[in-house]
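Enquirer: Below are the structure tokens for one structure; questions will follow.
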Amino acid sequence: MLTQTDVFISGGGVAGLTAATAFGVAGFSVICADPSPPITDAGAEGSDLRTTAFLQPSRDFLERLGLWTRLGPHATPLQVMRIVDAGGPEAEARVAHDFNAADISDLPFGWNLPNWLLRREMVAHLATLPNVDFRPGVGTKQLLTRDAEARVILSDGSRIAAKLVIGADGRDSVVREAAGIAARRLRYGQKALAFAITHDLPHDNVSTEIHRSGGPFTLVPLPDRDGRPCSAVVWMERGPEATRLAALPEADFEAEMTARSAHLFGPLKLASRRTVWPIISQIAERMVAERVALVAEAAHVVPPIGAQGLNMSLADLRVLLDLAEGHRDDPGRPEVLARYERARHAEIVARVTGVDALNRASMAEAQGLRDLRLRALNAIYSVAPVRRVMMRAGLGAKG
């Protein structure tokens, strides 16, 4: 049997679930499939312990979709982005510069939420949308496109005809490969450890990014845990060092992460298991093909610096939805896809290139390069108009 739908979404991660919500709320018929059912419990094996900071434009989009009423009560606001250079001979803070949202807005920069919780709340919201058919545990097996529609075969044998196929199925996207779209991947020899900690000193809604070598050590505020301040940590290091750290006994790991934090928050205590993620940059050569639009990591992957990854993904969805709503009869028509490509691809190339440069600077081992990084940070911060432009650019604002 062939099932007809307006939109088929391959991928049920945070981006795919958001896409299903967005097009469902807009009134399109939607089928969303993912081979791995979403893990919605922090303690379950395989749960995603990373967090996502939703910047202002993304929060506005989630409000439009009716998701923020579910997510907002669990979110921790991020008022200040603090950049700390600890690249001297000793692992101590040499300088700290605060980028305060109050300089450009009455709102915080963003709001931080655990990824496992995002999946839980998004799946619950999808269940309230009668025009969305979410199929966890079912993957995309085959894609064929033609002028009038796309045909999809799923791993359970189901056959779907869709006017628009959205590839939200990650960096190794089945949809991207089936559509014949190449992607350029850059490897850094880095991995990221992601985990939660408690600490003595309060975070005061400040996200702190500490640079020394190997990559940044970033603490992002979370709600207090057992009466103690709590933060999510992403600790980027070269691969062998990340592997060594992940295998350390807990007490030894806590000593090393406290030292790497430049002792800014007092002794750090591990509050979750440690997870390890590979770090790459990747850009698809284009974001569209016949009846196909790529979003999120199917189109672009960046290192976790500056909260760019998922916020870029939500910008993809916002643009694609706006264009599709202008052509409700056929959201996958060629002019919709061409305008989506023009609106997103050049900006994504610029952002991926910028984050790549920041990551390479953060990895600097030689003392001379660390000192050059410090001078660049001081120069950016010392000129107020430049500082404000950088903050607006980080939010995704146009000027």
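Chains: A, B, ... in order of the structure tokens. Residues: from 1 per chain. Ligands: from 1, in order shown.
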Tell me which protein, DNA and RNA residues are within 6 Å of stretch 50-60 of chain A, counting only C-alpha atoms, leaving out same-chain ones fewer than 3 positions away, and put them as a list in words.
Expert: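 Using only C-alpha atoms, the neighbours found are Glu63, Phe109, Gly110, Trp111, Asn112, Leu113, Pro114, Asn115, Ala194 and Ala307 of chain A.
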Enquirer: Find, counting only C-alpha atoms, the residue in A:Glu290, A:Glu241, A:Glu121, A:Glu335 that gets nearest to A:Val14.
Expert: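 Nearest to A:Val14: A:Glu121.
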Enquirer: Skipping near chain neighbours, those fewer than 2 positions away, what residues fall within 8 Å of stretch 90-96 of chain A using only C-alpha atoms, listed as a PyMOL selection string?
Expert: chain A and resi 82-88+98+212+259-260+262-263
Enquirer: Write to file, as an mmCIF file, in the first residue's frame, the residues of the selection just made, with C-alpha atoms.
Expert:
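Wrote it out as selection_19.cif, contents follow:
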```
data_model
loop_
_atom_site.group_PDB
_atom_site.id
_atom_site.type_symbol
_atom_site.label_atom_id
_atom_site.label_comp_id
_atom_site.auth_asym_id
_atom_site.auth_seq_id
_atom_site.Cartn_x
_atom_site.Cartn_y
_atom_site.Cartn_z
ATOM 1 C CA ARG A 82 32.358 34.548 29.344
ATOM 2 C CA ILE A 83 35.520 33.788 27.366
ATOM 3 C CA VAL A 84 38.501 32.898 29.544
ATOM 4 C CA ASP A 85 42.047 32.528 28.293
ATOM 5 C CA ALA A 86 44.107 30.109 30.380
ATOM 6 C CA GLY A 87 46.828 29.681 27.786
ATOM 7 C CA GLY A 88 49.792 30.815 29.883
ATOM 8 C CA ASP A 98 32.171 38.975 29.456
ATOM 9 C CA ARG A 212 44.058 26.585 26.847
ATOM 10 C CA ALA A 259 42.584 21.847 36.968
ATOM 11 C CA ARG A 260 41.391 22.309 33.357
ATOM 12 C CA ALA A 262 41.403 26.926 35.991
ATOM 13 C CA HIS A 263 39.785 26.402 39.427
#
```
Enquirer: Name the residues in contact with A:Ile166 at a cut-off of 12 Å, using only C-alpha atoms, excluding same-chain residues fewer than 5 positions from it; report them as JSON, numbers by chain.
Expert: {"A": [6, 7, 8, 9, 10, 11, 12, 15, 16, 17, 18, 19, 20, 23, 30, 31, 32, 33, 140, 143, 150, 152, 173, 174, 175, 176, 179, 287, 288, 289, 290, 291, 292, 293, 294, 295, 296, 297, 298, 299, 316, 317, 320, 321, 324, 331, 332, 337]}
Enquirer: Take the selection from the previous step and output its residues with C-alpha atoms, as a PDB file, in the first residue's frame.
Expert:
```pdb
ATOM      1  CA  ASP A   6       2.781  16.272   2.093  1.00  0.00           C
ATOM      2  CA  VAL A   7       6.109  15.948   3.901  1.00  0.00           C
ATOM      3  CA  PHE A   8       8.295  12.976   4.775  1.00  0.00           C
ATOM      4  CA  ILE A   9      11.056  13.582   7.332  1.00  0.00           C
ATOM      5  CA  SER A  10      13.940  11.159   7.618  1.00  0.00           C
ATOM      6  CA  GLY A  11      15.405  11.483  11.113  1.00  0.00           C
ATOM      7  CA  GLY A  12      13.900  11.728  14.573  1.00  0.00           C
ATOM      8  CA  ALA A  15      16.091  18.591  14.426  1.00  0.00           C
ATOM      9  CA  GLY A  16      13.814  15.974  12.891  1.00  0.00           C
ATOM     10  CA  LEU A  17      11.309  16.189  15.737  1.00  0.00           C
ATOM     11  CA  THR A  18      11.302  19.975  15.430  1.00  0.00           C
ATOM     12  CA  ALA A  19      10.734  19.681  11.673  1.00  0.00           C
ATOM     13  CA  ALA A  20       7.816  17.301  12.231  1.00  0.00           C
ATOM     14  CA  PHE A  23       5.200  21.291   9.434  1.00  0.00           C
ATOM     15  CA  VAL A  30       3.711  14.659   7.953  1.00  0.00           C
ATOM     16  CA  ILE A  31       5.398  11.277   8.352  1.00  0.00           C
ATOM     17  CA  CYS A  32       8.629  11.215  10.384  1.00  0.00           C
ATOM     18  CA  ALA A  33      10.744   8.057  10.687  1.00  0.00           C
ATOM     19  CA  THR A 140      14.678   5.189   5.446  1.00  0.00           C
ATOM     20  CA  LEU A 143      14.477   7.141  -2.058  1.00  0.00           C
ATOM     21  CA  ALA A 150       9.217  11.477  -4.149  1.00  0.00           C
ATOM     22  CA  VAL A 152      10.270   6.442  -0.105  1.00  0.00           C
ATOM     23  CA  SER A 173      22.490  11.095   5.960  1.00  0.00           C
ATOM     24  CA  VAL A 174      20.831   8.341   3.951  1.00  0.00           C
ATOM     25  CA  VAL A 175      18.722  10.974   2.166  1.00  0.00           C
ATOM     26  CA  ARG A 176      21.755  13.028   1.183  1.00  0.00           C
ATOM     27  CA  ALA A 179      19.966  12.289  -3.591  1.00  0.00           C
ATOM     28  CA  MET A 287      21.177  21.622   0.323  1.00  0.00           C
ATOM     29  CA  VAL A 288      18.573  20.551  -2.224  1.00  0.00           C
ATOM     30  CA  ALA A 289      17.857  18.028  -4.925  1.00  0.00           C
ATOM     31  CA  GLU A 290      14.684  17.060  -6.778  1.00  0.00           C
ATOM     32  CA  ARG A 291      11.919  16.999  -4.104  1.00  0.00           C
ATOM     33  CA  VAL A 292      14.581  16.973  -1.333  1.00  0.00           C
ATOM     34  CA  ALA A 293      15.757  19.546   1.218  1.00  0.00           C
ATOM     35  CA  LEU A 294      18.581  18.890   3.674  1.00  0.00           C
ATOM     36  CA  VAL A 295      18.545  20.414   7.150  1.00  0.00           C
ATOM     37  CA  ALA A 296      20.686  20.251  10.275  1.00  0.00           C
ATOM     38  CA  GLU A 297      23.621  17.820  10.330  1.00  0.00           C
ATOM     39  CA  ALA A 298      22.596  16.297   7.017  1.00  0.00           C
ATOM     40  CA  ALA A 299      23.612  19.692   5.569  1.00  0.00           C
ATOM     41  CA  ASP A 316      17.135  26.031   8.174  1.00  0.00           C
ATOM     42  CA  LEU A 317      13.707  24.874   9.303  1.00  0.00           C
ATOM     43  CA  LEU A 320      12.072  26.171   4.694  1.00  0.00           C
ATOM     44  CA  LEU A 321       8.752  26.366   6.539  1.00  0.00           C
ATOM     45  CA  ALA A 324       6.619  26.003   2.014  1.00  0.00           C
ATOM     46  CA  PRO A 331       5.899  22.478  -0.706  1.00  0.00           C
ATOM     47  CA  GLY A 332       8.558  20.584  -2.666  1.00  0.00           C
ATOM     48  CA  LEU A 337      13.849  24.484  -3.056  1.00  0.00           C
TER      49      LEU A 337
END
```
